[in-house]
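Peer 1: If it helps, the file is called model_5.cif and holds mmCIF, C-alpha atoms and all ligand atoms:
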data_my_file
#
loop_
_atom_site.label_atom_id
_atom_site.label_comp_id
_atom_site.auth_asym_id
_atom_site.auth_seq_id
_atom_site.Cartn_x
_atom_site.Cartn_y
_atom_site.Cartn_z
CA MET A 1 0.00 0.00 0.00
CA LEU A 2 1.47 3.37 -1.04
CA PRO A 3 1.64 6.16 1.54
CA PRO A 4 -0.94 8.99 0.96
CA ALA A 5 1.62 11.49 -0.47
CA ALA A 6 2.87 8.93 -3.00
CA ARG A 7 -0.74 8.06 -3.98
CA LEU A 8 -1.48 11.77 -4.50
CA ALA A 9 1.65 12.23 -6.64
CA ALA A 10 0.82 9.14 -8.71
CA ARG A 11 -2.76 10.38 -9.27
CA ARG A 12 -1.54 13.79 -10.42
CA LEU A 13 1.09 12.31 -12.76
CA LEU A 14 -1.53 9.96 -14.24
CA GLY A 15 -3.83 12.96 -14.81
CA LEU A 16 -1.05 14.82 -16.61
CA ALA A 17 -0.18 11.80 -18.78
CA THR A 18 -3.84 11.30 -19.76
CA SER A 19 -4.29 14.96 -20.59
CA SER A 20 -1.13 15.19 -22.66
CA ALA A 21 -2.04 11.98 -24.56
CA SER A 22 -5.42 13.39 -25.60
CA GLU A 23 -3.80 16.71 -26.51
CA SER A 24 -1.20 14.94 -28.66
CA ALA A 25 -4.09 13.36 -30.55
CA ALA A 26 -5.67 16.82 -30.96
CA ALA A 27 -2.31 18.21 -32.07
CA ARG A 28 -1.96 15.46 -34.68
CA ARG A 29 -5.44 16.24 -36.03
CA LEU A 30 -4.53 19.93 -36.30
CA SER A 31 -1.05 19.47 -37.68
CA ARG A 32 -2.17 20.03 -41.25
CA SER A 33 -4.26 23.07 -40.36
CA PRO A 34 -2.97 26.65 -40.58
CA ILE A 35 -5.09 27.74 -37.62
CA SER A 36 -3.75 27.88 -34.09
CA TYR A 37 -4.71 25.46 -31.32
CA ALA A 38 -6.23 28.29 -29.35
CA ALA A 39 -8.37 29.36 -32.30
CA ALA A 40 -9.53 25.77 -32.66
CA GLY A 41 -10.84 25.87 -29.09
CA CYS A 42 -8.48 23.25 -27.64
CA SER A 43 -8.05 23.01 -23.91
CA SER A 44 -5.78 25.46 -22.13
CA ARG A 45 -3.57 22.54 -21.02
CA LEU A 46 -1.33 23.01 -24.05
CA PHE A 47 1.49 24.49 -22.03
CA SER A 48 3.24 27.22 -24.01
CA THR A 49 2.15 26.06 -27.48
CA ALA A 50 0.04 29.19 -28.02
CA LEU A 51 3.14 31.31 -27.59
CA ASN A 52 4.85 29.69 -30.57
CA TYR A 53 2.31 30.93 -33.07
CA HIS A 54 2.07 34.31 -34.65
CA LEU A 55 -1.05 35.52 -36.40
CA ASP A 56 -1.08 39.10 -37.69
CA SER A 57 -3.50 41.35 -35.83
CA PRO A 58 -3.97 45.14 -35.74
CA GLU A 59 -1.88 45.34 -32.55
CA ASN A 60 0.76 42.79 -33.50
CA ASN A 61 2.05 42.80 -37.07
CA PRO A 62 5.39 43.47 -38.77
CA ASP A 63 4.18 46.74 -40.32
CA MET A 64 3.48 48.58 -37.07
CA PRO A 65 6.17 51.07 -36.14
CA TRP A 66 8.17 50.04 -33.09
CA GLU A 67 11.38 51.38 -31.64
CA PHE A 68 13.08 51.61 -28.26
CA THR A 69 12.44 54.79 -26.29
CA GLU A 70 15.34 57.21 -26.09
CA ALA A 71 16.21 56.09 -22.55
CA ASN A 72 16.05 52.41 -23.48
CA MET A 73 18.03 52.98 -26.67
CA LYS A 74 20.90 54.23 -24.52
CA LYS A 75 20.84 50.89 -22.67
CA VAL A 76 20.70 49.03 -25.99
CA LEU A 77 23.72 50.92 -27.28
CA LEU A 78 25.47 49.94 -24.11
CA PHE A 79 24.82 46.26 -24.86
CA VAL A 80 25.86 46.69 -28.47
CA SER A 81 28.90 48.90 -27.99
CA PHE A 82 30.15 46.61 -25.23
CA ILE A 83 29.85 43.68 -27.58
CA HIS A 84 30.85 45.43 -30.78
CA PHE A 85 33.93 47.22 -29.51
CA PRO A 86 35.66 44.76 -27.23
CA VAL A 87 37.33 46.66 -24.47
CA ASN A 88 39.75 44.01 -23.46
CA GLU A 89 41.79 41.27 -24.90
CA ILE A 90 39.45 38.46 -23.76
CA LEU A 91 36.40 39.75 -25.64
CA SER A 92 38.44 40.24 -28.80
CA HIS A 93 38.80 36.46 -28.95
CA TYR A 94 35.09 36.04 -29.67
CA PRO A 95 33.74 35.88 -33.23
CA SER A 96 32.48 39.05 -34.89
CA ASN A 97 28.82 37.91 -34.74
CA TYR A 98 28.91 38.08 -30.94
CA LYS A 99 26.45 40.99 -31.06
CA GLN A 100 23.54 38.55 -31.13
CA SER A 101 24.32 37.73 -27.49
CA GLY A 102 22.45 40.96 -26.77
CA ILE A 103 19.15 39.47 -28.01
CA ILE A 104 17.95 38.25 -24.60
CA PRO A 105 18.55 41.51 -22.65
CA MET A 106 17.02 43.46 -25.54
CA LEU A 107 13.92 41.28 -25.63
CA ASP A 108 13.61 41.76 -21.88
CA LEU A 109 13.90 45.52 -22.28
CA ALA A 110 11.37 45.52 -25.14
CA GLN A 111 8.93 43.54 -22.97
CA GLN A 112 9.31 45.99 -20.09
CA GLN A 113 8.74 48.91 -22.46
CA HIS A 114 5.75 47.33 -24.21
CA GLY A 115 3.49 46.54 -21.24
CA GLY A 116 4.76 43.02 -20.57
CA TRP A 117 4.79 41.47 -24.04
CA VAL A 118 6.95 41.53 -27.17
CA PRO A 119 5.25 42.25 -30.51
CA VAL A 120 6.76 40.91 -33.72
CA ALA A 121 7.69 44.48 -34.75
CA ALA A 122 9.91 44.76 -31.65
CA MET A 123 11.62 41.49 -32.55
CA ASN A 124 12.28 42.79 -36.05
CA ALA A 125 13.72 46.02 -34.61
CA ILE A 126 16.07 43.97 -32.40
CA ALA A 127 17.14 41.82 -35.37
CA LYS A 128 18.13 44.99 -37.23
CA ILE A 129 20.17 46.28 -34.28
CA VAL A 130 22.14 43.07 -33.87
CA GLU A 131 22.27 42.47 -37.64
CA VAL A 132 20.80 39.00 -37.77
CA ALA A 133 17.87 37.47 -39.65
CA PRO A 134 14.58 38.04 -37.73
CA ILE A 135 14.20 34.26 -37.24
CA ARG A 136 17.21 34.39 -34.89
CA VAL A 137 15.24 36.66 -32.58
CA TYR A 138 11.95 34.75 -33.02
CA GLU A 139 13.61 31.47 -32.01
CA VAL A 140 14.89 33.00 -28.78
CA ALA A 141 11.57 34.69 -27.95
CA THR A 142 9.58 31.51 -28.53
CA PHE A 143 12.00 29.29 -26.61
CA TYR A 144 11.96 31.22 -23.33
CA THR A 145 8.55 31.25 -21.71
CA MET A 146 9.40 34.44 -19.81
CA PHE A 147 8.90 36.32 -23.08
CA ASN A 148 5.21 36.88 -23.65
CA ARG A 149 4.30 36.79 -27.31
CA THR A 150 0.77 38.06 -26.88
CA LYS A 151 -0.82 40.84 -24.90
CA VAL A 152 -1.04 40.28 -21.14
CA GLY A 153 -3.19 41.88 -18.47
CA LYS A 154 -2.01 44.64 -16.14
CA TYR A 155 -1.39 41.80 -13.69
CA HIS A 156 0.03 38.72 -15.40
CA LEU A 157 -0.44 35.82 -12.98
CA LEU A 158 2.17 33.12 -13.52
CA VAL A 159 1.36 29.78 -11.92
CA CYS A 160 4.38 27.61 -11.21
CA GLY A 161 3.94 24.38 -13.19
CA THR A 162 6.97 22.39 -12.03
CA THR A 163 6.76 19.13 -10.06
CA PRO A 164 6.92 20.30 -6.39
CA CYS A 165 4.25 22.94 -6.98
CA MET A 166 2.22 20.55 -9.11
CA ILE A 167 2.26 17.89 -6.39
CA ARG A 168 1.24 20.53 -3.86
CA GLY A 169 -1.79 21.60 -5.93
CA SER A 170 -0.74 24.16 -8.56
CA ARG A 171 -3.30 22.71 -11.03
CA GLU A 172 -6.07 23.54 -8.57
CA ILE A 173 -4.61 27.03 -8.13
CA GLU A 174 -4.68 27.59 -11.89
CA GLU A 175 -8.22 26.20 -12.18
CA ALA A 176 -9.41 28.51 -9.41
CA LEU A 177 -7.86 31.52 -11.19
CA LEU A 178 -9.24 30.64 -14.62
CA GLU A 179 -12.70 29.95 -13.23
CA HIS A 180 -12.78 33.09 -11.09
CA LEU A 181 -11.57 35.34 -13.90
CA GLY A 182 -13.60 33.61 -16.63
CA VAL A 183 -10.66 33.24 -19.04
CA LYS A 184 -8.53 30.52 -20.60
CA ARG A 185 -4.80 30.43 -20.11
CA ASN A 186 -3.07 33.38 -21.85
CA GLU A 187 -6.35 35.24 -22.39
CA VAL A 188 -6.83 38.73 -20.95
CA THR A 189 -9.92 39.61 -18.91
CA SER A 190 -12.29 42.06 -20.60
CA ASP A 191 -11.28 44.87 -18.19
CA GLY A 192 -7.61 44.34 -19.21
CA LEU A 193 -6.58 43.73 -15.60
CA PHE A 194 -5.61 40.06 -15.51
CA SER A 195 -4.14 37.24 -17.56
CA VAL A 196 -2.98 33.81 -16.42
CA GLY A 197 0.16 32.11 -17.68
CA GLU A 198 2.53 29.39 -16.57
CA MET A 199 6.09 29.67 -15.37
CA GLU A 200 8.46 26.86 -14.47
CA CYS A 201 10.22 26.54 -11.11
CA MET A 202 10.82 29.96 -9.59
CA GLY A 203 13.00 28.59 -6.81
CA CYS A 204 10.46 28.76 -4.02
CA CYS A 205 9.55 25.06 -3.93
CA VAL A 206 9.79 24.92 -0.13
CA ASN A 207 6.66 27.09 0.00
CA ALA A 208 4.84 25.38 -2.89
CA PRO A 209 2.45 26.01 -4.52
CA MET A 210 3.22 29.54 -5.62
CA ILE A 211 2.49 32.16 -8.24
CA ALA A 212 4.35 35.25 -9.44
CA VAL A 213 2.43 38.41 -10.26
CA ALA A 214 4.10 40.49 -12.96
CA ASP A 215 3.04 44.12 -13.32
CA TYR A 216 4.68 45.90 -16.26
CA SER A 217 2.26 48.83 -16.25
CA LYS A 218 4.94 51.22 -14.97
CA GLY A 219 7.38 50.49 -17.82
CA SER A 220 11.06 49.69 -17.73
CA GLU A 221 11.81 51.66 -14.59
CA GLY A 222 8.95 50.55 -12.36
CA TYR A 223 7.82 47.02 -13.23
CA THR A 224 7.30 44.64 -10.33
CA TYR A 225 7.45 40.90 -9.98
CA ASN A 226 6.03 39.57 -6.71
CA TYR A 227 5.81 36.05 -5.32
CA TYR A 228 2.83 34.64 -3.39
CA GLU A 229 3.49 31.29 -1.75
CA ASP A 230 1.76 28.52 0.23
CA LEU A 231 -1.37 29.20 -1.77
CA THR A 232 -4.78 27.59 -1.63
CA PRO A 233 -7.50 28.07 -4.28
CA LYS A 234 -9.40 30.28 -1.79
CA ARG A 235 -6.38 32.44 -0.96
CA VAL A 236 -5.36 32.99 -4.59
CA VAL A 237 -8.85 34.32 -5.37
CA GLU A 238 -8.60 36.66 -2.36
CA ILE A 239 -5.26 37.94 -3.72
CA VAL A 240 -6.86 38.64 -7.12
CA GLU A 241 -9.69 40.54 -5.45
CA MET A 242 -7.20 42.64 -3.44
CA LEU A 243 -5.30 43.51 -6.63
CA LYS A 244 -8.59 44.42 -8.30
CA ARG A 245 -9.35 46.85 -5.46
CA GLY A 246 -5.92 48.45 -5.92
CA GLU A 247 -4.58 46.98 -2.67
CA THR A 248 -1.14 45.40 -2.28
CA PRO A 249 -1.47 41.87 -0.90
CA PRO A 250 1.32 40.86 1.49
CA ARG A 251 4.00 39.08 -0.53
CA GLY A 252 5.67 35.80 0.33
CA THR A 253 4.15 32.96 2.30
CA GLN A 254 0.40 33.06 2.85
CA HIS A 255 0.59 30.38 5.54
CA PRO A 256 -0.43 32.01 8.83
CA GLU A 257 2.03 29.93 10.87
CA ARG A 258 5.06 30.15 8.62
CA LYS A 259 7.75 32.79 8.77
CA ASN A 260 9.56 33.24 5.45
CA CYS A 261 10.67 29.71 4.50
CA GLY A 262 10.88 28.27 8.02
CA PRO A 263 8.78 25.30 9.15
CA ALA A 264 5.12 26.09 9.86
CA GLY A 265 4.68 26.45 13.62
CA GLY A 266 8.37 27.11 14.30
CA ASN A 267 11.61 25.17 14.25
CA THR A 268 11.49 21.45 14.96
CA THR A 269 15.29 21.15 15.19
CA LEU A 270 18.17 23.58 15.81
CA HIS A 271 16.32 25.26 18.66
CA ALA A 272 19.41 26.90 20.07
CA ASP A 273 20.66 30.26 18.87
CA MET A 274 23.65 28.99 16.92
CA ARG A 275 25.35 32.38 16.97
CA ARG A 276 26.03 31.89 20.71
CA GLN A 277 28.03 28.75 20.00
CA TRP A 278 30.78 30.75 18.28
S1 LIG A 301 8.42 23.98 -8.25
FE1 LIG A 301 7.31 25.79 -7.95
S2 LIG A 301 8.80 27.11 -7.17
FE2 LIG A 301 9.94 25.32 -7.56
#
Could you quickly redo this structure as structure tokens?
Peer 2:
Amino acid sequence: MLPPAARLAARRLLGLATSSASESAAARRLSRSPISYAAAGCSSRLFSTALNYHLDSPENNPDMPWEFTEANMKKVLLFVSFIHFPVNEILSHYPSNYKQSGIIPMLDLAQQQHGGWVPVAAMNAIAKIVEVAPIRVYEVATFYTMFNRTKVGKYHLLVCGTTPCMIRGSREIEEALLEHLGVKRNEVTSDGLFSVGEMECMGCCVNAPMIAVADYSKGSEGYTYNYYEDLTPKRVVEIVEMLKRGETPPRGTQHPERKNCGPAGGNTTLHADMRRQW
């Protein structure tokens, strides 16, 4: 007989395997179709697939003008001049196409500037700056899930989808968010306030399950990225409601008996003040 935690983990892994098997079948059926999975109404459990597609829209197409702001362009030139004009002997050993190493920080900057997502026009602008084919920028932007390829809400709620959080109930957290907000994953609520995405391990597994709330509404200088940990479906909905009212929910653990990452209810070992031993 398996212990309860192992039974729970096995049940969750079985659920994931079943869901990805049926989605693979759906993916195979759609593989010859030019339309996206999302447009075909598939379930939201398609991980980041939606982010790998680009369909032209009035707010996201290669013809819209896009450039870095003057302040951000100064930062870009810093990346480029640092790379382009090696200041020491070590950098001069690298090949002349080293400029493309600036793609990731530039995409990050473009995302901060553009309200939390990177339109295709921004990617094309970056390709011009680093003098590579646009596909070189697209392949980076679609590989890293931290780059949002479609519009996000003022608060982009990123549910951790990695194993410790999943075993501790992150699927239920995501379901509670989607149901409460009335959206699918990566959709924006009609008031423009919220969207729900997935992020992989954010290094806070000890307080799983957790979400990060990204707010890019203040641009490159003022964006915030806050963690909320030890969540329950009820608590995550309360956090959303606080954000909606313009309040700032307390960050970090939401467990009433836990301090930071310590054990709930206090230490069970190492009771002594170790500093006195030295
Ligand atoms: S698994 Fe969620 S923070 Fe590590």
Peer 1: For ligand LIG 301 (chain A), list the contacting residues at 7 Å or closer, counting only C-alpha atoms and all ligand atoms, as a list in words.
Peer 2: Cys160, Gly161, Thr162, Thr163, Pro164, Cys165, Glu200, Cys201, Met202, Gly203, Cys204, Cys205, Ala208, Pro209 and Met210 of chain A
Peer 1: Residues of range 98-208 of chain A that have any atom at most 8 Å from an atom of range 62-71 of chain A: could you tabulate them with the shortest-distance atom pair and the distance in Å to one decimal, using all atoms listed in the file, ordered by chain and increasing number, as CSV?
Peer 2:
residue,atom,partner,partner_atom,distance
A:Ala110,CA,A:Phe68,CA,7.1
A:Gln113,CA,A:Phe68,CA,7.7
A:Val120,CA,A:Pro62,CA,5.8
A:Ala121,CA,A:Pro62,CA,4.7
A:Ala122,CA,A:Trp66,CA,5.7
A:Asn124,CA,A:Pro62,CA,7.4
A:Ala125,CA,A:Glu67,CA,6.6
Peer 1: To one decimal in Å, tell me the separation between CA of His114 in chain A and CA of Arg245 in chain A.
Peer 2: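 Between CA of His114 in chain A and CA of Arg245 in chain A the gap is 24.1 Å.
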Peer 1: At what distance in Å, to one decimal, does CA of Glu172 in chain A lie from CA of Lys259 in chain A?
Peer 2: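 CA of Glu172 in chain A lies at a distance of 24.0 Å from CA of Lys259 in chain A.
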Peer 1: When you draw a straight line from CA of Asp108 in chain A to CA of Thr189 in chain A, how long is it in Å?
Peer 2: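 Those two atoms sit 23.8 Å apart.
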Peer 1: Tell me which of A:Ala133, A:Val196, A:Ile167, A:Ala214 sits closest to Leu181 in chain A, counting all atoms listed in the file.
Peer 2: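 Closest residue, counting all atoms listed in the file: A:Val196.
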Peer 1: Between A:Gly116, A:Gly192, A:Pro233, A:Pro250, which one has atoms that come closest to Asp215 in chain A, using all atoms listed in the file?
Peer 2: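 Using all atoms listed in the file, Asp215 in chain A sits closest to A:Gly116.
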Peer 1: Using only C-alpha atoms for the distances, tell me which of A:Val76, A:Leu193, A:Met106, A:Ala212 is nearest to Tyr155 in chain A.
Peer 2: A:Leu193
Peer 1: Taking all atoms of range 241-250 of chain A that the file lists, what box with edges along x, y and z, padded by 6 Å per side, do you get, with centre and edge lengths in Å to one decimal, as AutoDock Vina command-line options?
Peer 2:
--center_x -4.2 --center_y 44.5 --center_z -3.4 --size_x 23.0 --size_y 19.9 --size_z 21.8
Peer 1: Excluding Val188 in chain A and its own-chain neighbours fewer than 4 positions away, which residues fall within 12 Å of it when counting all atoms listed in the file? Please give them as a list in words.
Peer 2: Thr150, Lys151, Val152, Gly153, Lys154, Tyr155, His156, Leu157, Leu178, Leu181, Gly182, Val183, Lys184, Gly192, Leu193, Phe194, Ser195, Val196 and Gly197 of chain A
Peer 1: Would you put the residues from that selection into a file with C-alpha atoms, as a PDB file, in the coordinates of the input?
Peer 2:
ATOM      1  CA  THR A 150       0.770  38.060 -26.880  1.00  0.00           C
ATOM      2  CA  LYS A 151      -0.820  40.840 -24.900  1.00  0.00           C
ATOM      3  CA  VAL A 152      -1.040  40.280 -21.140  1.00  0.00           C
ATOM      4  CA  GLY A 153      -3.190  41.880 -18.470  1.00  0.00           C
ATOM      5  CA  LYS A 154      -2.010  44.640 -16.140  1.00  0.00           C
ATOM      6  CA  TYR A 155      -1.390  41.800 -13.690  1.00  0.00           C
ATOM      7  CA  HIS A 156       0.030  38.720 -15.400  1.00  0.00           C
ATOM      8  CA  LEU A 157      -0.440  35.820 -12.980  1.00  0.00           C
ATOM      9  CA  LEU A 178      -9.240  30.640 -14.620  1.00  0.00           C
ATOM     10  CA  LEU A 181     -11.570  35.340 -13.900  1.00  0.00           C
ATOM     11  CA  GLY A 182     -13.600  33.610 -16.630  1.00  0.00           C
ATOM     12  CA  VAL A 183     -10.660  33.240 -19.040  1.00  0.00           C
ATOM     13  CA  LYS A 184      -8.530  30.520 -20.600  1.00  0.00           C
ATOM     14  CA  GLY A 192      -7.610  44.340 -19.210  1.00  0.00           C
ATOM     15  CA  LEU A 193      -6.580  43.730 -15.600  1.00  0.00           C
ATOM     16  CA  PHE A 194      -5.610  40.060 -15.510  1.00  0.00           C
ATOM     17  CA  SER A 195      -4.140  37.240 -17.560  1.00  0.00           C
ATOM     18  CA  VAL A 196      -2.980  33.810 -16.420  1.00  0.00           C
ATOM     19  CA  GLY A 197       0.160  32.110 -17.680  1.00  0.00           C
TER      20      GLY A 197
END
Peer 1: Return the single residue from A:Lys74, A:Lys99, A:Arg149, A:Arg171 that is closest to Ile129 in chain A, with distances computed using only C-alpha atoms.
Peer 2: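 Closest to Ile129 in chain A of all the choices is A:Lys99.
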Peer 1: Using all atoms listed in the file, find the one residue out of A:Ala127, A:Val159, A:Leu177, A:Ala264 that sits nearest to Tyr227 in chain A.
Peer 2: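 When distances to Tyr227 in chain A are compared using all atoms listed in the file, the smallest one comes from A:Val159.
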Peer 1: List every protein, DNA or RNA residue with an atom no more than 9 Å from (8.6, 46.8, -15.6) in the file's coordinates, counting only C-alpha atoms, and format the result as a ChimeraX atom specification.
Peer 2: /A:109,111-113,115-116,214-225
Peer 1: Please identify all polymer residues within 7 Å of Phe147 in chain A, counting all atoms listed in the file, omitting same-chain residues fewer than 5 positions from it, and present them as an MDAnalysis selection string.
Peer 2: chainID A and resid 117:118 141
